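J.: Got a structure here, written out as C-alpha cells. Questions coming.
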Amino acid sequence: MDLNIKDLDDEVGERLRQQAAAAGLSMQQYLRNQLTRVASRPSPEELAPGAHTMSRSEFEAIRRKLRDIDAA
C-alpha cells in the first residue's frame with residue numbers, strides 16, 4: 001500500500017526527519033516502522049468496547065474525590 005500524507009506541519013516533518021536520522025534509517029523506513037508499531041497495538045475501542053469518553057466534568061469530579069481522599 002502507498003500512502004500520501006498532505007498538509008503535515010513543517011515542524012512535525014522536521015522532527016520526523018531528525019528521529020529517522022537518529023535511528024539511522026531513511027524517512028520511509030522510519031515511518032514504515034512507526035506505522036507498523038502503531039497498527040499492531042489495540043485501539044482504545046478494542047480494549048474497552050462500549051466504553052465512553054470521560055467528560056471534563058466527570059474527570060473533575062473524580063479528581064476532587066481523589067484530592068479529598070489524599071487530604072483525609
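We label chains A, B, ... in the order they appear in the C-alpha cells, count residues from 1 in each chain, and number ligands from 1 in the order shown.
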Please provide the set of residues having any atom within 12 Å of Ile5 of chain A, restricted to only C-alpha atoms, with same-chain residues fewer than 4 positions apart removed, written as a ChimeraX atom specification.

T.: /A:9,13,31

J.: Taking the backbone alone, and naming residues the way the document does, which bits of chain A are helix (DSSP H, G or I) by DSSP, as number ranges by chain?

T.: A: 10-22, 27-40, 44-47, 56-71

J.: Near Arg32 of chain A, counting only C-alpha atoms, which residues have an atom at most 12 Å away, once you skip same-chain residues fewer than 4 positions from it, shown as a PyMOL selection string?

T.: chain A and resi 1-3+16+20+25-28+36-39

J.: Please measure the separation of atom CA of Leu8 of chain A and atom CA of Leu35 of chain A, giving the value in Å to one decimal.

T.: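 That distance, rounded to one decimal, is 15.7 Å.
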
J.: Determine the nearest neighbour of Arg15 of chain A from the options A:Glu46, A:Ser40, A:Tyr30, A:Arg64, counting only C-alpha atoms.

T.: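 Counting only C-alpha atoms, the residue closest to Arg15 of chain A is A:Tyr30.
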
J.: Between atom CA of Gln19 of chain A and atom CA of Asn33 of chain A, what is the spacing in Å?

T.: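 Taking atom CA of Asn33 of chain A and atom CA of Gln19 of chain A, their separation equals 11.9 Å.
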